[in-house]
>>> print(open('entry25.cif').read())   # mmCIF, C-alpha atoms, pLDDT in the B column; chains and numbers go by the auth columns
data_start
loop_
_atom_site.group_PDB
_atom_site.id
_atom_site.type_symbol
_atom_site.label_atom_id
_atom_site.label_comp_id
_atom_site.label_asym_id
_atom_site.label_seq_id
_atom_site.Cartn_x
_atom_site.Cartn_y
_atom_site.Cartn_z
_atom_site.B_iso_or_equiv
_atom_site.auth_seq_id
_atom_site.auth_asym_id
ATOM 1 C CA MET A 1 50.974 155.834 43.096 39.00 328 S
ATOM 2 C CA SER A 2 53.015 158.076 45.357 40.00 329 S
ATOM 3 C CA LEU A 3 56.660 158.642 44.521 38.00 330 S
ATOM 4 C CA GLU A 4 57.372 159.884 48.026 44.00 331 S
ATOM 5 C CA THR A 5 60.151 157.995 49.762 42.00 332 S
ATOM 6 C CA PRO A 6 59.148 157.613 53.371 43.00 333 S
ATOM 7 C CA PRO A 7 61.756 157.899 56.095 46.00 334 S
ATOM 8 C CA PRO A 8 62.367 154.996 58.464 50.00 335 S
ATOM 9 C CA ASP A 9 59.313 154.386 60.579 52.00 336 S
ATOM 10 C CA LYS A 10 59.320 154.734 64.365 52.00 337 S
ATOM 11 C CA ALA A 11 60.273 151.087 64.737 50.00 338 S
ATOM 12 C CA GLY A 12 63.501 151.963 62.911 55.00 339 S
ATOM 13 C CA LEU A 13 62.615 150.086 59.745 58.00 340 S
ATOM 14 C CA ASN A 14 63.333 151.638 56.368 59.00 341 S
ATOM 15 C CA PHE A 15 60.671 150.771 53.835 58.00 342 S
ATOM 16 C CA SER A 16 62.035 153.101 51.143 57.00 343 S
ATOM 17 C CA ALA A 17 63.619 150.107 49.431 49.00 344 S
ATOM 18 C CA VAL A 18 60.226 148.386 49.263 55.00 345 S
ATOM 19 C CA PRO A 19 58.082 149.673 46.373 59.00 346 S
ATOM 20 C CA LEU A 20 54.802 149.846 48.272 75.00 347 S
ATOM 21 C CA GLY A 21 53.808 153.307 47.103 85.00 348 S
ATOM 22 C CA LEU A 22 52.744 154.267 50.618 87.00 349 S
ATOM 23 C CA THR A 23 53.229 157.655 52.212 88.00 350 S
ATOM 24 C CA ALA A 24 55.150 158.005 55.472 86.00 351 S
ATOM 25 C CA ARG A 25 51.845 158.461 57.332 91.00 352 S
ATOM 26 C CA GLU A 26 50.374 155.336 55.751 91.00 353 S
ATOM 27 C CA ILE A 27 53.427 153.328 56.808 90.00 354 S
ATOM 28 C CA GLU A 28 53.027 154.710 60.334 92.00 355 S
ATOM 29 C CA ILE A 29 49.368 153.630 60.310 94.00 356 S
ATOM 30 C CA LEU A 30 50.400 150.238 58.927 94.00 357 S
ATOM 31 C CA ARG A 31 52.885 149.779 61.777 94.00 358 S
ATOM 32 C CA LEU A 32 50.174 150.557 64.323 96.00 359 S
ATOM 33 C CA ILE A 33 47.781 148.146 62.607 97.00 360 S
ATOM 34 C CA ALA A 34 50.512 145.499 62.867 96.00 361 S
ATOM 35 C CA ASP A 35 50.706 146.333 66.586 96.00 362 S
ATOM 36 C CA ASP A 36 47.010 145.326 66.748 96.00 363 S
ATOM 37 C CA LEU A 37 45.737 148.829 67.535 98.00 364 S
ATOM 38 C CA SER A 38 42.149 149.697 66.677 97.00 365 S
ATOM 39 C CA ASN A 39 41.289 152.744 64.575 97.00 366 S
ATOM 40 C CA TRP A 40 40.295 154.538 67.769 98.00 367 S
ATOM 41 C CA GLU A 41 43.628 153.735 69.436 98.00 368 S
ATOM 42 C CA ILE A 42 45.552 154.836 66.345 98.00 369 S
ATOM 43 C CA ALA A 43 43.583 158.095 66.246 98.00 370 S
ATOM 44 C CA ARG A 44 44.344 158.700 69.912 98.00 371 S
ATOM 45 C CA ASP A 45 48.062 157.953 69.547 97.00 372 S
ATOM 46 C CA LEU A 46 48.465 160.152 66.456 97.00 373 S
ATOM 47 C CA THR A 47 46.039 162.847 67.657 97.00 374 S
ATOM 48 C CA ILE A 48 43.952 162.612 64.506 97.00 375 S
ATOM 49 C CA SER A 49 40.286 161.756 64.006 98.00 376 S
ATOM 50 C CA VAL A 50 38.991 158.213 63.632 98.00 377 S
ATOM 51 C CA ASN A 51 37.635 159.241 60.210 98.00 378 S
ATOM 52 C CA THR A 52 41.154 160.253 59.145 98.00 379 S
ATOM 53 C CA VAL A 53 42.507 156.902 60.326 98.00 380 S
ATOM 54 C CA GLN A 54 39.771 155.098 58.402 98.00 381 S
ATOM 55 C CA SER A 55 40.702 157.077 55.294 97.00 382 S
ATOM 56 C CA HIS A 56 44.394 156.200 55.651 96.00 383 S
ATOM 57 C CA VAL A 57 43.557 152.528 56.242 97.00 384 S
ATOM 58 C CA SER A 58 41.304 152.481 53.176 97.00 385 S
ATOM 59 C CA HIS A 59 43.993 154.102 51.019 95.00 386 S
ATOM 60 C CA LEU A 60 46.790 151.803 52.147 95.00 387 S
ATOM 61 C CA LEU A 61 44.655 148.690 51.717 96.00 388 S
ATOM 62 C CA GLY A 62 43.774 149.853 48.199 95.00 389 S
ATOM 63 C CA LYS A 63 47.396 150.568 47.320 93.00 390 S
ATOM 64 C CA LEU A 64 48.442 147.145 48.594 93.00 391 S
ATOM 65 C CA GLY A 65 45.515 145.370 46.927 94.00 392 S
ATOM 66 C CA PHE A 66 44.319 143.954 50.226 95.00 393 S
ATOM 67 C CA ARG A 67 40.817 143.583 51.595 96.00 394 S
ATOM 68 C CA SER A 68 41.642 143.333 55.287 96.00 395 S
ATOM 69 C CA ARG A 69 43.893 144.999 57.809 95.00 396 S
ATOM 70 C CA HIS A 70 45.050 141.513 58.852 96.00 397 S
ATOM 71 C CA GLN A 71 46.628 141.035 55.422 96.00 398 S
ATOM 72 C CA ALA A 72 48.335 144.431 55.720 95.00 399 S
ATOM 73 C CA ALA A 73 49.576 143.655 59.232 95.00 400 S
ATOM 74 C CA ASP A 74 50.997 140.341 58.059 95.00 401 S
ATOM 75 C CA LEU A 75 52.840 142.102 55.225 92.00 402 S
ATOM 76 C CA TYR A 76 54.307 144.672 57.626 91.00 403 S
ATOM 77 C CA ARG A 77 55.476 141.966 60.019 92.00 404 S
ATOM 78 C CA GLN A 78 57.002 139.980 57.153 90.00 405 S
ATOM 79 C CA LEU A 79 58.855 143.032 55.801 85.00 406 S
ATOM 80 C CA ALA A 80 60.004 144.017 59.283 85.00 407 S
ATOM 81 C CA SER A 81 61.244 140.503 59.925 85.00 408 S
ATOM 82 C CA ASN A 82 63.078 140.382 56.579 81.00 409 S
ATOM 83 C CA GLN A 83 64.735 143.758 57.146 76.00 410 S
ATOM 84 C CA SER A 84 65.804 142.836 60.661 70.00 411 S
ATOM 85 C CA ALA A 85 67.215 139.511 59.470 69.00 412 S
ATOM 86 C CA CYS A 86 69.141 141.230 56.669 67.00 413 S
ATOM 87 C CA GLY A 87 70.453 143.988 58.900 61.00 414 S
ATOM 88 C CA HIS A 88 68.518 146.734 57.097 49.00 415 S
ATOM 89 C CA ALA A 89 66.907 148.215 60.195 47.00 416 S
ATOM 90 C CA ASP A 90 67.899 151.825 60.781 45.00 417 S
ATOM 91 C CA ASP A 91 70.429 151.968 63.611 40.00 418 S
ATOM 92 C CA THR A 92 70.598 155.769 63.896 38.00 419 S
ATOM 93 C CA LYS A 93 68.920 155.687 67.285 38.00 420 S
ATOM 94 C CA HIS A 94 71.886 153.701 68.581 37.00 421 S
ATOM 95 C CA ARG A 95 74.512 156.155 67.335 37.00 422 S
ATOM 96 C CA PRO A 96 75.903 158.807 69.659 41.00 423 S
ATOM 97 C CA ASN A 97 75.009 162.400 68.823 43.00 424 S
ATOM 98 C CA HIS A 98 77.887 164.554 67.617 37.00 425 S
#
>>> encode(input="entry25.cif", output="structure tokens")
Amino acid sequence: MSLETPPPDKAGLNFSAVPLGLTAREIEILRLIADDLSNWEIARDLTISVNTVQSHVSHLLGKLGFRSRHQAADLYRQLASNQSACGHADDTKHRPNH
């Protein structure tokens, strides 16, 4: 299990408080899966190969104990919803630069 603490993802959600054991890249892939992107679309958006996406998807599903990307997407949406409801979303993008 990875001990890396990922930064907030691009949606502004901070999953460091959630002990998923995922790398920052795996959380990014998970977010894109939750956005209903295919492996090909994820590969295109991240400028990586489809095989690399498949590897990341396989690893994150294994770490989460899931068999399908639908289960992973549901978890991401649930965590995102919980963090937004609790006010834990990262608001740094709304702060003025100093």
>>> atom_distance(input="entry25.cif", atom1="atom CA of Val380 of chain S", atom2="atom CA of Asn366 of chain S")
6.1 Å
>>> atom_distance(input="entry25.cif", atom1="atom CA of Ile375 of chain S", atom2="atom CA of Ala361 of chain S")
18.4 Å
>>> resolve_selection(input="entry25.cif", expression="the PyMOL selection byres ((chain S and resi 390) around 9)", output="list in words")
Met328, Leu347, Gly348, Leu349, Ser385, His386, Leu387, Leu388, Gly389, Leu391, Gly392 and Phe393 of chain S
>>> closest_residue(input="entry25.cif", among="S:Gln381, S:Gln405, S:Ser395, S:Thr350", to="Trp367 of chain S", atoms="all atoms listed in the file")
S:Gln381
>>> atom_distance(input="entry25.cif", atom1="atom CA of Ser365 of chain S", atom2="atom CA of Ala351 of chain S")
19.1 Å
>>> residues_around(input="entry25.cif", residues="Leu373 of chain S", least_positions_apart="6", cutoff="12 Å", atoms="only C-alpha atoms", output="PyMOL selection string")
chain S and resi 352-353+355-356+359+364+366-367+379-380
